[in-house]
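Engineer: File name my_file-v3.cif; file contents mmCIF, C-alpha atoms; full text below.
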```
data_protein
#
loop_
_atom_site.group_PDB
_atom_site.id
_atom_site.type_symbol
_atom_site.label_atom_id
_atom_site.label_comp_id
_atom_site.auth_asym_id
_atom_site.auth_seq_id
_atom_site.Cartn_x
_atom_site.Cartn_y
_atom_site.Cartn_z
ATOM 1 C CA PRO A 23 89.370 103.557 67.663
ATOM 2 C CA MET A 24 87.224 100.767 66.238
ATOM 3 C CA TRP A 25 86.861 99.638 62.659
ATOM 4 C CA GLY A 26 84.523 97.046 61.234
ATOM 5 C CA ILE A 27 81.448 96.149 59.261
ATOM 6 C CA ASP A 28 78.018 95.016 60.452
ATOM 7 C CA ILE A 29 76.058 93.089 57.798
ATOM 8 C CA LYS A 30 72.401 92.236 58.371
ATOM 9 C CA CYS A 31 70.590 90.075 55.834
ATOM 10 C CA GLY A 32 66.961 91.152 56.074
ATOM 11 C CA LYS A 33 63.683 90.220 54.453
ATOM 12 C CA GLY A 34 63.559 87.462 51.870
ATOM 13 C CA ASN A 35 66.104 84.732 51.388
ATOM 14 C CA SER A 36 69.726 85.806 51.256
ATOM 15 C CA ASN A 37 72.073 83.663 49.188
ATOM 16 C CA ILE A 38 75.796 83.626 49.851
ATOM 17 C CA SER A 39 78.068 81.748 47.453
ATOM 18 C CA TYR A 40 81.729 81.103 48.198
ATOM 19 C CA GLY A 41 84.358 78.606 47.214
ATOM 20 C CA PRO A 42 87.934 78.050 46.142
ATOM 21 C CA TRP A 43 87.804 80.489 43.212
ATOM 22 C CA ALA A 44 86.419 83.311 45.380
ATOM 23 C CA ASP A 45 88.963 82.525 48.100
ATOM 24 C CA ARG A 46 91.822 82.737 45.583
ATOM 25 C CA GLN A 47 90.563 86.203 44.549
ATOM 26 C CA ARG A 48 90.472 87.230 48.233
ATOM 27 C CA ASP A 49 94.019 85.894 48.604
ATOM 28 C CA HIS A 50 95.233 87.883 45.548
ATOM 29 C CA LEU A 51 93.771 91.096 46.998
ATOM 30 C CA TYR A 52 95.266 90.388 50.406
ATOM 31 C CA LYS A 53 98.705 89.681 48.936
ATOM 32 C CA PHE A 54 98.516 92.877 46.839
ATOM 33 C CA PHE A 55 97.826 95.090 49.853
ATOM 34 C CA PHE A 56 99.844 93.053 52.385
ATOM 35 C CA PRO A 57 102.637 91.299 50.465
ATOM 36 C CA SER A 58 104.643 88.643 52.277
ATOM 37 C CA ASN A 59 108.286 89.466 52.786
ATOM 38 C CA TYR A 60 109.168 86.039 54.280
ATOM 39 C CA VAL A 61 111.030 87.458 57.250
ATOM 40 C CA GLU A 62 110.250 87.293 60.933
ATOM 41 C CA MET A 63 107.574 89.813 61.887
ATOM 42 C CA GLU A 64 108.232 92.407 64.519
ATOM 43 C CA PRO A 65 105.603 93.173 67.155
ATOM 44 C CA THR A 66 103.752 96.379 66.358
ATOM 45 C CA PRO A 67 105.155 99.165 68.556
ATOM 46 C CA ALA A 68 102.707 101.087 70.719
ATOM 47 C CA PRO A 69 102.095 104.674 69.635
ATOM 48 C CA LYS A 70 104.194 107.259 71.411
ATOM 49 C CA PRO A 71 102.650 110.262 73.148
ATOM 50 C CA GLY A 72 101.471 112.731 70.506
ATOM 51 C CA GLU A 73 101.095 110.084 67.762
ATOM 52 C CA HIS A 74 97.713 109.058 66.408
ATOM 53 C CA ARG A 75 96.156 105.934 67.863
ATOM 54 C CA PHE A 76 95.640 103.075 65.437
ATOM 55 C CA VAL A 77 93.117 100.316 64.953
ATOM 56 C CA HIS A 78 94.019 96.930 66.455
ATOM 57 C CA THR A 79 91.352 94.789 64.735
ATOM 58 C CA PHE A 80 88.808 94.779 61.948
ATOM 59 C CA ASP A 81 85.524 93.418 63.323
ATOM 60 C CA VAL A 82 83.050 91.672 61.028
ATOM 61 C CA LYS A 83 79.515 90.983 62.246
ATOM 62 C CA TRP A 84 77.013 89.162 60.044
ATOM 63 C CA SER A 85 73.490 88.166 61.013
ATOM 64 C CA THR A 86 70.328 86.943 59.345
ATOM 65 C CA LEU A 87 66.886 88.350 60.087
ATOM 66 C CA ALA A 88 65.285 85.784 57.748
ATOM 67 C CA ASN A 89 66.239 82.413 56.265
ATOM 68 C CA ALA A 90 69.429 82.315 54.203
ATOM 69 C CA THR A 91 71.399 79.873 52.067
ATOM 70 C CA ILE A 92 75.137 79.362 51.856
ATOM 71 C CA ASP A 93 76.584 77.602 48.814
ATOM 72 C CA ILE A 94 80.176 76.370 48.793
ATOM 73 C CA LEU A 95 80.953 75.807 45.133
ATOM 74 C CA PHE A 96 83.916 73.954 43.648
ATOM 75 C CA SER A 97 84.729 72.086 40.458
ATOM 76 C CA LYS A 98 86.207 68.735 39.552
ATOM 77 C CA GLU A 99 86.898 67.844 35.922
ATOM 78 C CA LYS A 100 84.919 70.902 34.715
ATOM 79 C CA GLU A 101 81.845 69.848 36.698
ATOM 80 C CA THR A 102 80.490 72.193 39.355
ATOM 81 C CA ASN A 103 79.793 70.624 42.743
ATOM 82 C CA ALA A 104 78.249 72.259 45.786
ATOM 83 C CA VAL A 105 77.597 72.019 49.480
ATOM 84 C CA HIS A 106 74.236 73.739 49.981
ATOM 85 C CA ILE A 107 73.414 74.939 53.512
ATOM 86 C CA ASN A 108 70.058 76.411 54.557
ATOM 87 C CA ILE A 109 70.109 78.388 57.810
ATOM 88 C CA GLY A 110 67.344 80.014 59.813
ATOM 89 C CA ALA A 111 66.707 83.530 61.034
ATOM 90 C CA GLY A 112 68.864 84.543 63.979
ATOM 91 C CA SER A 113 72.044 82.908 62.672
ATOM 92 C CA TYR A 114 75.173 85.007 63.078
ATOM 93 C CA LEU A 115 78.925 85.163 62.633
ATOM 94 C CA GLU A 116 81.436 87.415 64.370
ATOM 95 C CA ALA A 117 85.039 87.618 63.192
ATOM 96 C CA VAL A 118 87.896 89.587 64.714
ATOM 97 C CA LEU A 119 90.693 90.092 62.194
ATOM 98 C CA PRO A 120 93.959 91.438 63.673
ATOM 99 C CA TRP A 121 95.640 94.544 62.260
ATOM 100 C CA ILE A 122 98.625 94.521 64.607
ATOM 101 C CA THR A 123 101.228 91.942 65.573
ATOM 102 C CA LEU A 124 101.734 91.055 69.225
ATOM 103 C CA LYS A 125 104.846 89.567 70.856
ATOM 104 C CA ASP A 126 103.625 86.016 70.081
ATOM 105 C CA GLY A 127 102.155 86.728 66.610
ATOM 106 C CA TYR A 128 98.498 87.346 65.858
ATOM 107 C CA SER A 129 95.189 85.489 66.090
ATOM 108 C CA THR A 130 92.012 85.528 64.031
ATOM 109 C CA LYS A 131 88.860 84.669 65.997
ATOM 110 C CA ILE A 132 85.560 83.532 64.464
ATOM 111 C CA THR A 133 82.500 82.702 66.563
ATOM 112 C CA GLY A 134 78.795 82.324 65.961
ATOM 113 C CA GLN A 135 75.896 79.987 65.505
ATOM 114 C CA PHE A 136 73.698 78.752 62.698
ATOM 115 C CA LEU A 137 70.082 77.948 63.553
ATOM 116 C CA HIS A 138 67.870 75.340 61.869
ATOM 117 C CA VAL A 139 70.644 74.048 59.618
ATOM 118 C CA ASP A 140 69.888 71.757 56.676
ATOM 119 C CA ALA A 141 72.980 70.814 54.653
ATOM 120 C CA THR A 142 72.990 68.907 51.353
ATOM 121 C CA THR A 143 75.516 68.115 48.626
ATOM 122 C CA SER A 144 75.301 67.878 44.848
ATOM 123 C CA LEU A 145 75.817 64.102 45.036
ATOM 124 C CA GLN A 146 73.030 61.671 44.151
ATOM 125 C CA TYR A 147 72.506 61.000 47.858
ATOM 126 C CA ARG A 148 72.074 64.674 48.728
ATOM 127 C CA SER A 149 71.483 64.718 52.489
ATOM 128 C CA LEU A 150 74.521 65.690 54.595
ATOM 129 C CA GLY A 151 73.200 66.874 57.954
ATOM 130 C CA GLU A 152 70.567 68.649 60.006
ATOM 131 C CA PHE A 153 71.035 70.624 63.218
ATOM 132 C CA GLU A 154 68.668 72.565 65.400
ATOM 133 C CA SER A 155 71.683 74.768 66.070
ATOM 134 C CA LEU A 156 75.372 74.612 65.274
ATOM 135 C CA HIS A 157 77.707 76.680 67.460
ATOM 136 C CA TYR A 158 81.249 77.301 66.293
ATOM 137 C CA ASN A 159 84.338 78.848 67.788
ATOM 138 C CA ILE A 160 87.441 79.075 65.599
ATOM 139 C CA ARG A 161 90.800 80.539 66.570
ATOM 140 C CA LEU A 162 93.658 80.719 64.062
ATOM 141 C CA ASN A 163 97.018 81.468 65.705
ATOM 142 C CA TYR A 164 99.902 82.657 63.531
ATOM 143 C CA PRO A 165 103.454 82.993 64.907
ATOM 144 C CA LEU A 166 106.005 85.729 64.202
ATOM 145 C CA ARG A 167 108.072 83.481 61.892
ATOM 146 C CA TRP A 168 106.450 83.154 58.446
ATOM 147 C CA ASN A 169 107.000 79.375 58.189
ATOM 148 C CA ALA A 170 106.669 78.377 61.859
ATOM 149 C CA HIS A 171 103.937 76.149 63.303
ATOM 150 C CA GLN A 172 100.408 77.565 63.065
ATOM 151 C CA GLU A 173 97.689 76.443 65.427
ATOM 152 C CA TRP A 174 94.083 76.261 64.232
ATOM 153 C CA LEU A 175 91.571 75.463 66.968
ATOM 154 C CA ILE A 176 88.094 74.581 65.673
ATOM 155 C CA ASN A 177 85.320 73.878 68.141
ATOM 156 C CA LEU A 178 81.915 72.787 66.787
ATOM 157 C CA ILE A 179 78.869 71.962 68.915
ATOM 158 C CA GLY A 180 75.714 70.665 67.246
ATOM 159 C CA TYR A 181 72.367 70.377 69.018
ATOM 160 C CA LYS A 182 69.736 67.883 67.907
ATOM 161 C CA ALA A 183 72.109 66.862 65.141
ATOM 162 C CA THR A 184 71.750 64.260 62.419
ATOM 163 C CA ALA A 185 74.623 63.574 60.034
ATOM 164 C CA CYS A 186 74.354 61.372 56.949
ATOM 165 C CA ILE A 187 77.860 60.354 55.937
ATOM 166 C CA VAL A 188 78.297 57.936 53.040
ATOM 167 C CA PHE A 189 81.519 56.753 51.400
ATOM 168 C CA GLU A 190 80.997 59.108 48.423
ATOM 169 C CA HIS A 191 81.347 62.065 50.788
ATOM 170 C CA LYS A 192 84.997 61.120 51.371
ATOM 171 C CA GLU A 193 85.866 61.622 47.708
ATOM 172 C CA PHE A 194 83.522 64.628 47.425
ATOM 173 C CA PHE A 195 85.282 66.531 50.240
ATOM 174 C CA GLN A 196 88.684 65.392 48.940
ATOM 175 C CA TYR A 197 87.861 67.159 45.626
ATOM 176 C CA LEU A 198 86.762 70.263 47.550
ATOM 177 C CA ILE A 199 90.061 70.348 49.463
ATOM 178 C CA GLU A 200 92.127 69.714 46.310
ATOM 179 C CA ASP A 201 90.384 72.575 44.479
ATOM 180 C CA TRP A 202 90.812 74.898 47.458
ATOM 181 C CA VAL A 203 94.547 74.287 47.873
ATOM 182 C CA SER A 204 95.414 74.240 44.154
#
```
Translate the structure described by the file into structure tokens.

Structural biologist:
Amino acid sequence: PMWGIDIKCGKGNSNISYGPWADRQRDHLYKFFFPSNYVEMEPTPAPKPGEHRFVHTFDVKWSTLANATIDILFSKEKETNAVHINIGAGSYLEAVLPWITLKDGYSTKITGQFLHVDATTSLQYRSLGEFESLHYNIRLNYPLRWNAHQEWLINLIGYKATACIVFEHKEFFQYLIEDWVS
């Protein structure tokens, strides 16, 4: 059996906002339905003959049929900051979220591409980067032991890319990380 969701953003501009606050809410929901017990996980046993089959992954597919914007919002000292990303039609994301544990743990896989990317920040010097296309492949490997070494592999490939990095971006992204992990 398969289980998933296929999201298509159609006509008109779609606006997606996300950030540390939204991620904390996602984390609260996840911990409510899948609480951590801080013990070593056991691999999920295969169903025996006569038992119902079960879903191995939850597949998320997201694509844009028109231009879209992605805002990553965070706050520092009660001031809202943002990374604003415009993407073109044809951009997509595919995520495979595991629902079973294998003998070596489980892995989340995220792949996709953003087309005609224009990224800015809320700083005075707004420009951050432009890409004709940005391909990404992310694999997050989690072991059976709850506090063992995790491996996050992030592969980004930008075509016809221009990045505008100034010293203020260092502090800007430091605030984003601090808000996200708080």

Engineer: Applied to this file, what does the PyMOL selection byres ((chain A and resi 64-74) around 9) return in terms of residues, put as a PyMOL selection string?

Structural biologist: chain A and resi 62-63+75-76+122-127+166

Engineer: Tell me, as a CSV table (one decimal) with C-alpha atoms, in the coordinates of the input, which residues lie within 7 Å of Thr86 in chain A, counting all atoms listed in the file; anything in the same chain fewer than 3 positions away does not count.

Structural biologist:
```csv
chain,number,residue,atom,x,y,z
A,30,LYS,CA,72.4,92.2,58.4
A,31,CYS,CA,70.6,90.1,55.8
A,32,GLY,CA,67.0,91.2,56.1
A,89,ASN,CA,66.2,82.4,56.3
A,90,ALA,CA,69.4,82.3,54.2
A,111,ALA,CA,66.7,83.5,61.0
A,112,GLY,CA,68.9,84.5,64.0
A,113,SER,CA,72.0,82.9,62.7
A,114,TYR,CA,75.2,85.0,63.1
```

Engineer: Taking the file as I've supplied it (selection: the PyMOL selection byres ((chain A and resi 130-143) around 9)), which residues are included? Please answer as a tab-separated table (two decimals) with C-alpha atoms, in the frame of the given file.

Structural biologist:
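The resulting file, selection.tsv, is shown below:
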```
chain	number	residue	atom	x	y	z
A	103	ASN	CA	79.79	70.62	42.74
A	104	ALA	CA	78.25	72.26	45.79
A	105	VAL	CA	77.60	72.02	49.48
A	106	HIS	CA	74.24	73.74	49.98
A	107	ILE	CA	73.41	74.94	53.51
A	108	ASN	CA	70.06	76.41	54.56
A	109	ILE	CA	70.11	78.39	57.81
A	110	GLY	CA	67.34	80.01	59.81
A	111	ALA	CA	66.71	83.53	61.03
A	112	GLY	CA	68.86	84.54	63.98
A	113	SER	CA	72.04	82.91	62.67
A	114	TYR	CA	75.17	85.01	63.08
A	115	LEU	CA	78.92	85.16	62.63
A	116	GLU	CA	81.44	87.42	64.37
A	117	ALA	CA	85.04	87.62	63.19
A	118	VAL	CA	87.90	89.59	64.71
A	119	LEU	CA	90.69	90.09	62.19
A	120	PRO	CA	93.96	91.44	63.67
A	128	TYR	CA	98.50	87.35	65.86
A	129	SER	CA	95.19	85.49	66.09
A	144	SER	CA	75.30	67.88	44.85
A	145	LEU	CA	75.82	64.10	45.04
A	146	GLN	CA	73.03	61.67	44.15
A	147	TYR	CA	72.51	61.00	47.86
A	148	ARG	CA	72.07	64.67	48.73
A	149	SER	CA	71.48	64.72	52.49
A	150	LEU	CA	74.52	65.69	54.60
A	151	GLY	CA	73.20	66.87	57.95
A	152	GLU	CA	70.57	68.65	60.01
A	153	PHE	CA	71.04	70.62	63.22
A	154	GLU	CA	68.67	72.56	65.40
A	155	SER	CA	71.68	74.77	66.07
A	156	LEU	CA	75.37	74.61	65.27
A	157	HIS	CA	77.71	76.68	67.46
A	158	TYR	CA	81.25	77.30	66.29
A	159	ASN	CA	84.34	78.85	67.79
A	160	ILE	CA	87.44	79.08	65.60
A	161	ARG	CA	90.80	80.54	66.57
A	162	LEU	CA	93.66	80.72	64.06
A	163	ASN	CA	97.02	81.47	65.70
A	164	TYR	CA	99.90	82.66	63.53
A	191	HIS	CA	81.35	62.06	50.79
A	194	PHE	CA	83.52	64.63	47.42
```

Engineer: Please list as a ChimeraX atom specification every residue within 10 Å of Trp25 in chain A, counting all atoms listed in the file and excluding residues in the same chain fewer than 6 positions away.

Structural biologist: /A:76-82

Engineer: Would you work out the distance separating CA of Tyr40 in chain A from CA of Leu95 in chain A, expressed in Å to one decimal?

Structural biologist: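 So the answer is 6.2 Å.
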
Engineer: Anything within 12 Å of (87.2, 74.6, 40.3): list those residues as a ChimeraX atom specification, counting only C-alpha atoms and sticking to the file's coordinates.

Structural biologist: /A:40-46,94-104,197-204

Engineer: Would you save the residues of that selection, restricted to C-alpha atoms, as a short mmCIF file (atom, residue, chain, number, x, y, z; two decimals), in the frame of the given file?

Structural biologist:
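Saved as selection-v9.cif:
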```
data_model
loop_
_atom_site.label_atom_id
_atom_site.label_comp_id
_atom_site.auth_asym_id
_atom_site.auth_seq_id
_atom_site.Cartn_x
_atom_site.Cartn_y
_atom_site.Cartn_z
CA TYR A 40 81.73 81.10 48.20
CA GLY A 41 84.36 78.61 47.21
CA PRO A 42 87.93 78.05 46.14
CA TRP A 43 87.80 80.49 43.21
CA ALA A 44 86.42 83.31 45.38
CA ASP A 45 88.96 82.52 48.10
CA ARG A 46 91.82 82.74 45.58
CA ILE A 94 80.18 76.37 48.79
CA LEU A 95 80.95 75.81 45.13
CA PHE A 96 83.92 73.95 43.65
CA SER A 97 84.73 72.09 40.46
CA LYS A 98 86.21 68.74 39.55
CA GLU A 99 86.90 67.84 35.92
CA LYS A 100 84.92 70.90 34.72
CA GLU A 101 81.84 69.85 36.70
CA THR A 102 80.49 72.19 39.35
CA ASN A 103 79.79 70.62 42.74
CA ALA A 104 78.25 72.26 45.79
CA TYR A 197 87.86 67.16 45.63
CA LEU A 198 86.76 70.26 47.55
CA ILE A 199 90.06 70.35 49.46
CA GLU A 200 92.13 69.71 46.31
CA ASP A 201 90.38 72.58 44.48
CA TRP A 202 90.81 74.90 47.46
CA VAL A 203 94.55 74.29 47.87
CA SER A 204 95.41 74.24 44.15
#
```

Engineer: Figure out the distance between CA of Val61 in chain A and CA of Ala170 in chain A, please, to one decimal in Å.

Structural biologist: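 For CA of Ala170 in chain A relative to CA of Val61 in chain A, the distance reads 11.1 Å.
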
Engineer: Grab the CA of Phe56 in chain A to CA of Trp121 in chain A distance for me, in Å with one decimal place.

Structural biologist: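 CA of Trp121 in chain A lies at a distance of 10.8 Å from CA of Phe56 in chain A.
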
Engineer: Calculate, to one decimal in Å, the centre and edge lengths of the box along x, y and z of the file that holds all listed atoms of range 170-189 of chain A with 5 Å of margin on each side, and present them as AutoDock Vina command-line options.

Structural biologist:
```
--center_x 88.2 --center_y 67.6 --center_z 60.2 --size_x 46.9 --size_y 31.6 --size_z 27.6
```
